[in-house]
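Participant: You'll find entry15.tsv just under this line, and it carries TSV, C-alpha atoms.
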```tsv
chain	number	residue	atom	x	y	z
K	1	MET	CA	20.67	-88.96	61.67
K	2	HIS	CA	18.56	-88.51	64.81
K	3	ARG	CA	16.49	-85.38	65.21
K	4	VAL	CA	14.49	-84.50	68.31
K	5	PRO	CA	12.30	-81.50	69.25
K	6	ALA	CA	14.25	-78.51	70.48
K	7	VAL	CA	11.82	-78.07	73.38
K	8	MET	CA	12.56	-81.25	75.29
K	9	VAL	CA	10.04	-82.52	77.84
K	10	LEU	CA	11.39	-84.31	80.91
K	11	ALA	CA	9.61	-87.65	81.44
K	12	VAL	CA	8.96	-88.60	85.06
K	13	LEU	CA	9.36	-92.35	85.36
K	14	LEU	CA	7.13	-94.22	87.76
K	15	ALA	CA	9.03	-96.06	90.48
K	16	GLY	CA	9.11	-99.83	90.18
K	17	CYS	CA	10.98	-102.66	88.48
K	18	ALA	CA	10.08	-106.08	87.15
K	19	ASP	CA	11.40	-109.39	88.46
K	20	VAL	CA	10.21	-112.99	88.41
K	21	GLU	CA	7.49	-112.19	90.95
K	22	GLY	CA	6.14	-109.16	89.05
K	23	LEU	CA	6.31	-105.44	89.68
K	24	GLN	CA	7.91	-104.36	92.94
K	25	SER	CA	7.77	-100.86	94.40
K	26	GLU	CA	11.06	-99.13	95.13
K	27	GLY	CA	9.43	-96.61	97.44
K	28	ASP	CA	9.00	-92.85	97.26
K	29	ARG	CA	11.22	-91.28	94.59
K	30	GLY	CA	10.49	-87.72	95.70
K	31	THR	CA	7.97	-85.03	94.86
K	32	VAL	CA	7.53	-83.73	91.32
K	33	HIS	CA	7.25	-79.93	91.27
K	34	ALA	CA	5.52	-77.83	88.63
K	35	PRO	CA	7.69	-75.32	86.71
K	36	LYS	CA	8.14	-71.97	88.41
K	37	SER	CA	7.84	-68.87	86.24
K	38	LEU	CA	10.52	-66.25	86.79
K	39	TRP	CA	9.95	-62.50	86.46
K	40	LYS	CA	6.33	-62.90	85.38
K	41	ASP	CA	5.66	-59.16	85.63
K	42	ILE	CA	8.52	-58.09	83.36
K	43	ARG	CA	7.97	-58.03	79.62
K	44	PRO	CA	10.27	-56.72	76.87
K	45	ALA	CA	9.19	-53.69	74.91
K	46	PRO	CA	8.15	-54.45	71.30
K	47	PRO	CA	10.73	-53.58	68.64
K	48	ALA	CA	10.27	-50.48	66.54
K	49	PRO	CA	8.93	-51.07	62.98
K	50	ASP	CA	12.39	-50.46	61.50
K	51	GLN	CA	14.11	-52.80	63.97
K	52	LYS	CA	12.55	-56.13	63.05
K	53	PRO	CA	15.17	-58.29	61.32
K	54	GLY	CA	12.48	-60.88	60.48
K	55	THR	CA	10.64	-58.57	58.11
K	56	ALA	CA	11.15	-57.97	54.41
K	57	ALA	CA	12.85	-54.70	53.53
K	58	VAL	CA	13.67	-53.12	50.19
K	59	VAL	CA	17.40	-52.42	50.14
K	60	PRO	CA	17.84	-48.66	49.68
K	61	GLY	CA	20.33	-47.17	47.28
K	62	LEU	CA	20.18	-49.95	44.70
K	63	PRO	CA	18.90	-49.61	41.13
K	64	LYS	CA	16.11	-51.82	39.88
K	65	ALA	CA	17.20	-55.39	39.22
K	66	ALA	CA	18.54	-56.22	35.77
K	67	GLY	CA	16.18	-59.18	35.50
K	68	PRO	CA	13.44	-61.09	37.31
K	69	SER	CA	15.93	-62.98	39.49
K	70	MET	CA	19.09	-62.19	41.45
K	71	ARG	CA	21.34	-63.94	38.92
K	72	ARG	CA	22.67	-60.74	37.31
K	73	GLU	CA	23.10	-58.78	40.56
K	74	ASP	CA	26.40	-58.11	42.29
K	75	ALA	CA	26.23	-59.77	45.70
K	76	LEU	CA	28.84	-57.52	47.27
K	77	SER	CA	27.04	-54.33	46.22
K	78	VAL	CA	23.75	-55.66	47.58
K	79	VAL	CA	25.28	-56.64	50.92
K	80	ARG	CA	27.16	-53.35	51.23
K	81	ALA	CA	23.99	-51.30	50.59
K	82	ASP	CA	21.95	-53.43	53.00
K	83	VAL	CA	24.50	-53.43	55.84
K	84	THR	CA	25.19	-49.70	55.51
K	85	SER	CA	21.48	-48.91	55.67
K	86	ALA	CA	20.86	-51.27	58.59
K	87	ALA	CA	23.75	-49.79	60.58
K	88	GLU	CA	22.36	-46.29	60.06
K	89	GLN	CA	18.88	-47.36	61.13
K	90	ASP	CA	19.88	-49.08	64.36
K	91	GLY	CA	22.49	-46.49	65.28
K	92	GLY	CA	25.16	-49.04	66.10
K	93	THR	CA	22.99	-50.84	68.66
K	94	GLY	CA	23.32	-54.17	66.85
K	95	LEU	CA	19.56	-54.72	66.58
K	96	LEU	CA	19.63	-54.99	62.80
K	97	VAL	CA	23.26	-55.78	62.04
K	98	ASP	CA	26.45	-56.43	63.98
K	99	PRO	CA	28.15	-53.08	64.76
K	100	ARG	CA	31.39	-54.42	63.27
K	101	ALA	CA	29.83	-55.24	59.90
K	102	VAL	CA	30.58	-51.95	58.15
K	103	GLN	CA	34.22	-52.08	59.23
K	104	ARG	CA	34.48	-55.66	57.99
K	105	LEU	CA	33.07	-54.68	54.60
K	106	ALA	CA	35.84	-52.10	54.25
K	107	LEU	CA	38.22	-55.01	53.67
K	108	CYS	CA	36.55	-55.74	50.33
K	109	THR	CA	38.15	-54.30	47.21
K	110	GLN	CA	36.68	-53.49	43.81
K	111	ALA	CA	37.62	-56.93	42.51
K	112	VAL	CA	34.80	-59.13	41.27
K	113	ASP	CA	35.09	-61.40	44.30
K	114	GLY	CA	35.93	-58.57	46.68
K	115	GLY	CA	39.56	-59.57	47.02
K	116	PRO	CA	41.27	-62.16	49.25
K	117	ASP	CA	40.37	-60.43	52.52
K	118	CYS	CA	36.70	-59.78	51.74
K	119	PRO	CA	34.51	-61.44	54.42
K	120	VAL	CA	31.44	-61.76	52.16
K	121	ARG	CA	30.88	-65.41	51.25
K	122	PRO	CA	30.43	-66.48	47.61
K	123	ALA	CA	26.85	-65.95	46.52
K	124	VAL	CA	24.55	-68.95	46.13
K	125	LEU	CA	21.57	-68.72	43.78
K	126	HIS	CA	18.53	-70.83	44.62
K	127	ASP	CA	14.78	-70.53	44.09
K	128	LEU	CA	13.41	-70.33	47.63
K	129	THR	CA	10.11	-68.67	46.75
K	130	GLY	CA	8.92	-71.33	44.30
K	131	ASN	CA	8.24	-68.84	41.50
K	132	GLY	CA	11.06	-70.02	39.25
K	133	ARG	CA	13.21	-66.99	40.09
K	134	GLU	CA	16.49	-67.40	41.92
K	135	GLU	CA	17.15	-65.72	45.24
K	136	LEU	CA	20.63	-64.68	46.40
K	137	ILE	CA	21.99	-66.30	49.57
K	138	THR	CA	25.17	-65.02	51.16
K	139	ALA	CA	26.77	-64.22	54.52
K	140	LEU	CA	29.11	-61.64	55.96
K	141	ASP	CA	31.63	-63.21	58.35
K	142	ILE	CA	32.24	-60.92	61.31
K	143	ASP	CA	34.95	-62.41	63.50
K	144	GLY	CA	35.71	-65.94	62.33
K	145	ARG	CA	32.74	-67.26	64.29
K	146	VAL	CA	29.70	-64.97	64.08
K	147	SER	CA	28.18	-64.28	60.65
K	148	GLU	CA	25.35	-62.20	59.22
K	149	LEU	CA	23.29	-64.46	56.95
K	150	ARG	CA	21.25	-62.67	54.29
K	151	VAL	CA	18.77	-63.73	51.59
K	152	TYR	CA	17.59	-61.34	48.86
K	153	THR	CA	14.91	-61.51	46.19
K	154	VAL	CA	13.64	-59.41	43.29
K	155	GLN	CA	10.13	-58.12	43.88
K	156	ASP	CA	7.54	-57.70	41.15
K	157	ASP	CA	8.40	-54.02	40.71
K	158	GLY	CA	12.09	-54.83	40.20
K	159	SER	CA	13.26	-53.67	43.62
K	160	ILE	CA	15.68	-55.84	45.58
K	161	ALA	CA	14.46	-56.85	49.02
K	162	ARG	CA	15.97	-58.69	51.95
K	163	ILE	CA	13.70	-61.59	52.94
K	164	LEU	CA	15.87	-63.17	55.63
K	165	SER	CA	18.32	-61.69	58.08
K	166	ARG	CA	19.99	-63.90	60.66
K	167	ARG	CA	23.02	-63.38	62.91
K	168	ALA	CA	24.40	-66.78	63.83
K	169	VAL	CA	27.34	-69.09	64.28
K	170	LEU	CA	26.89	-70.94	61.02
K	171	GLU	CA	27.68	-74.58	61.66
K	172	GLY	CA	26.09	-75.19	58.30
K	173	VAL	CA	23.54	-73.80	55.82
K	174	GLU	CA	21.52	-76.10	53.59
K	175	VAL	CA	18.93	-75.52	50.87
K	176	ALA	CA	16.37	-77.95	49.50
K	177	ALA	CA	13.41	-76.93	47.34
K	178	GLU	CA	11.84	-73.96	49.16
K	179	HIS	CA	13.57	-74.64	52.48
K	180	LEU	CA	16.67	-73.08	54.00
K	181	ALA	CA	18.09	-74.75	57.10
K	182	VAL	CA	20.57	-73.05	59.44
K	183	ARG	CA	22.66	-75.29	61.70
K	184	GLU	CA	24.08	-73.72	64.88
K	185	PRO	CA	26.05	-75.11	67.83
K	186	THR	CA	24.39	-75.45	71.22
K	187	THR	CA	25.74	-75.60	74.78
K	188	ASN	CA	25.50	-79.38	74.50
K	189	PRO	CA	28.37	-80.54	72.23
K	190	ASP	CA	26.35	-83.58	71.15
K	191	TYR	CA	23.73	-81.49	69.35
K	192	VAL	CA	23.32	-78.65	66.88
K	193	ALA	CA	20.19	-76.54	66.59
K	194	VAL	CA	18.55	-76.61	63.16
K	195	SER	CA	16.30	-73.70	62.16
K	196	ASP	CA	14.20	-74.47	59.08
K	197	TYR	CA	12.97	-71.46	57.12
K	198	VAL	CA	10.33	-71.59	54.38
K	199	TRP	CA	8.88	-68.97	52.09
K	200	ASP	CA	5.77	-67.27	53.47
K	201	PRO	CA	3.99	-65.64	50.50
K	202	LYS	CA	1.61	-63.66	52.72
K	203	ALA	CA	4.36	-62.12	54.84
K	204	GLY	CA	6.77	-61.90	51.91
K	205	ILE	CA	9.69	-63.33	53.92
K	206	MET	CA	11.41	-66.58	54.81
K	207	ASN	CA	9.65	-67.57	58.04
K	208	LEU	CA	10.88	-69.97	60.71
K	209	SER	CA	8.78	-73.11	60.36
K	210	GLN	CA	10.57	-75.61	62.60
K	211	LEU	CA	13.30	-75.68	65.22
K	212	THR	CA	14.92	-79.01	66.02
K	213	LEU	CA	18.04	-80.54	67.50
K	214	ASP	CA	20.31	-82.68	65.35
K	215	ASP	CA	22.90	-84.99	66.86
K	216	CYS	CA	26.62	-84.91	66.11
K	217	PRO	CA	27.59	-88.59	65.93
K	218	GLY	CA	31.18	-87.93	64.89
K	219	LEU	CA	32.01	-85.18	67.35
K	220	ALA	CA	33.83	-87.47	69.79
K	221	GLN	CA	36.33	-88.40	67.08
K	222	ALA	CA	37.07	-84.79	66.06
K	223	PRO	CA	40.43	-83.52	67.38
K	224	ALA	CA	40.32	-80.67	69.87
K	225	GLY	CA	40.54	-77.27	68.23
K	226	ALA	CA	39.98	-78.70	64.75
K	227	GLY	CA	38.63	-76.24	62.23
K	228	GLY	CA	35.56	-76.66	60.07
K	229	SER	CA	32.29	-78.19	61.16
K	230	ARG	CA	32.04	-79.70	64.63
K	231	CYS	CA	29.69	-82.42	63.38
K	232	ALA	CA	30.98	-85.23	61.17
K	233	ARG	CA	28.03	-86.08	58.96
```
Using structure tokens, write down the structure that the file contains.
Facilitator:
Amino acid sequence: MHRVPAVMVLAVLLAGCADVEGLQSEGDRGTVHAPKSLWKDIRPAPPAPDQKPGTAAVVPGLPKAAGPSMRREDALSVVRADVTSAAEQDGGTGLLVDPRAVQRLALCTQAVDGGPDCPVRPAVLHDLTGNGREELITALDIDGRVSELRVYTVQDDGSIARILSRRAVLEGVEVAAEHLAVREPTTNPDYVAVSDYVWDPKAGIMNLSQLTLDDCPGLAQAPAGAGGSRCAR
């Protein structure tokens, strides 16, 4: 597997080639221009305090956790409470959650797994904070492509908090120790973007620690329109 930095620097090769008589100049290859900044005087307004998906947030409307970890919590109830609250906070703007999320959750029944049409993925329990307590990792699939990835933890006072919120096309999600990696497609079919999140005890959230590109060596062999992952690993 080959992984390269996501911010790729273009190398300018010096003109010249080697032959039996040594280095020979091939002449002027053109002028190298410095990058030009666009719209330097325009800056986005900062998000409001309640519209920062990268911050930890206690999920309202939920009772205190039944234990020190998320193992005994109902994933569907947690996601429903979180999505409903986020939709009310952002007023349907999509800043905190996809505007279609609440409607998608309406497909879930009272069955333990939400029923056959429920778009909430099976919960995964994994200790991402390194304290021996399991966090809950799940995702709400919006339209067959876009998903709302969520990670929840139990805080010291027993409240349930969201420590990661990410809207993405989930090519893959991987966990290892205290790392959670999200794989997403890019405009280049040969690569996927890999966002590596790690627990930040000071901020109390899963923070982005590294962004890389990972190659898709088996993509050329995948049939057009095939389902599942684009990358054969």
Participant: Write out as a PyMOL selection string each polymer residue whose atoms come within 9 Å of Val146 of chain K, counting all atoms listed in the file; drop sequence neighbours fewer than 3 positions from it.
Facilitator: chain K and resi 140-143+167-170
Participant: Could you save the residues just selected, with C-alpha atoms, as a PDB file, keeping the file's coordinate frame?
Facilitator:
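Output contents, as saved in again.pdb:
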```pdb
ATOM      1  CA  LEU K 140      29.110 -61.640  55.960  1.00  0.00           C
ATOM      2  CA  ASP K 141      31.630 -63.210  58.350  1.00  0.00           C
ATOM      3  CA  ILE K 142      32.240 -60.920  61.310  1.00  0.00           C
ATOM      4  CA  ASP K 143      34.950 -62.410  63.500  1.00  0.00           C
ATOM      5  CA  ARG K 167      23.020 -63.380  62.910  1.00  0.00           C
ATOM      6  CA  ALA K 168      24.400 -66.780  63.830  1.00  0.00           C
ATOM      7  CA  VAL K 169      27.340 -69.090  64.280  1.00  0.00           C
ATOM      8  CA  LEU K 170      26.890 -70.940  61.020  1.00  0.00           C
TER       9      LEU K 170
END
```
Participant: Would you compute an axis-aligned box for segment 199-216 of chain K, covering every atom listed for it in the file with 3 Å of margin on each side, and report centre and edge lengths in Å to one decimal as JSON?
Facilitator:
```
{"center_x": 14.1, "center_y": -73.4, "center_z": 59.0, "size_x": 31.0, "size_y": 29.1, "size_z": 23.0}
```
Participant: For segment 86-157 of chain K against segment 184-203 of chain K, with a cut-off of 9 Å and counting all atoms listed in the file, what is the closest atom pair and its distance in Å to one decimal for every residue that makes the cut, ordered by chain and number, as JSON lines?
Facilitator:
```
{"residue": "K:Leu128", "atom": "CA", "partner": "K:Trp199", "partner_atom": "CA", "distance": 6.5}
{"residue": "K:Thr129", "atom": "CA", "partner": "K:Trp199", "partner_atom": "CA", "distance": 5.5}
{"residue": "K:Gly130", "atom": "CA", "partner": "K:Trp199", "partner_atom": "CA", "distance": 8.1}
```
Participant: Distance atom CA of Lys64 of chain K-atom CA of Ala81 of chain K, one decimal place?
Facilitator: 13.3 Å
Participant: Record the distance separating atom CA of Arg80 of chain K and atom CA of Gln110 of chain K, expressed in Å with one decimal.
Facilitator: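 A separation of 12.1 Å between them.
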Participant: Pick out the closest residue to Pro47 of chain K from this set: K:Val182, K:Leu95, K:Cys108, K:Ala177. Count only C-alpha atoms.
Facilitator: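 When distances to Pro47 of chain K are compared using only C-alpha atoms, the smallest one comes from K:Leu95.
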Participant: Counting all atoms listed in the file, which residues come within 12 Å of (20.3, -47.8, 44.6), with the point read in the file's coordinates, and could you list them as a list in words?
Facilitator: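 Neighbouring residues, ordered by chain and number, come to Val58, Val59, Pro60, Gly61, Leu62, Pro63, Lys64, Ala65, Ser77, Val78, Val79, Arg80, Ala81, Asp82, Ser85, Gly158, Ser159, Ile160 and Ala161 of chain K.
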Participant: Would you work out the distance separating atom CA of Pro122 of chain K from atom CA of Ile137 of chain K, expressed in Å to one decimal?
Facilitator: 8.7 Å
Participant: Which is closer to Val175 of chain K than all the others in K:Asp127, K:Asp157, K:Asp215, K:Asp41, using all atoms listed in the file?
Facilitator: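 Under the stated criterion, the closest residue is K:Asp127.
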Participant: So which one's closest to Val124 of chain K, K:Ala75, K:Leu96, K:Ala45, K:Ala56? Using all atoms listed in the file, please.
Facilitator: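 Among K:Ala75, K:Leu96, K:Ala45, K:Ala56, it is K:Ala75 that comes nearest to Val124 of chain K.
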Participant: Please provide as number ranges by chain all residues within 6 Å of Tyr152 of chain K, with the sequence filter that same-chain residues fewer than 4 positions apart are discarded (counting all atoms listed in the file).
Facilitator: K: 135-136, 161-163
Participant: Excluding same-chain residues fewer than 3 positions from Pro99 of chain K, what lies within 10 Å of it counting only C-alpha atoms, as JSON, numbers by chain?
Facilitator: {"K": [83, 86, 87, 90, 91, 92, 93, 94, 95, 96, 102, 103, 104, 142]}
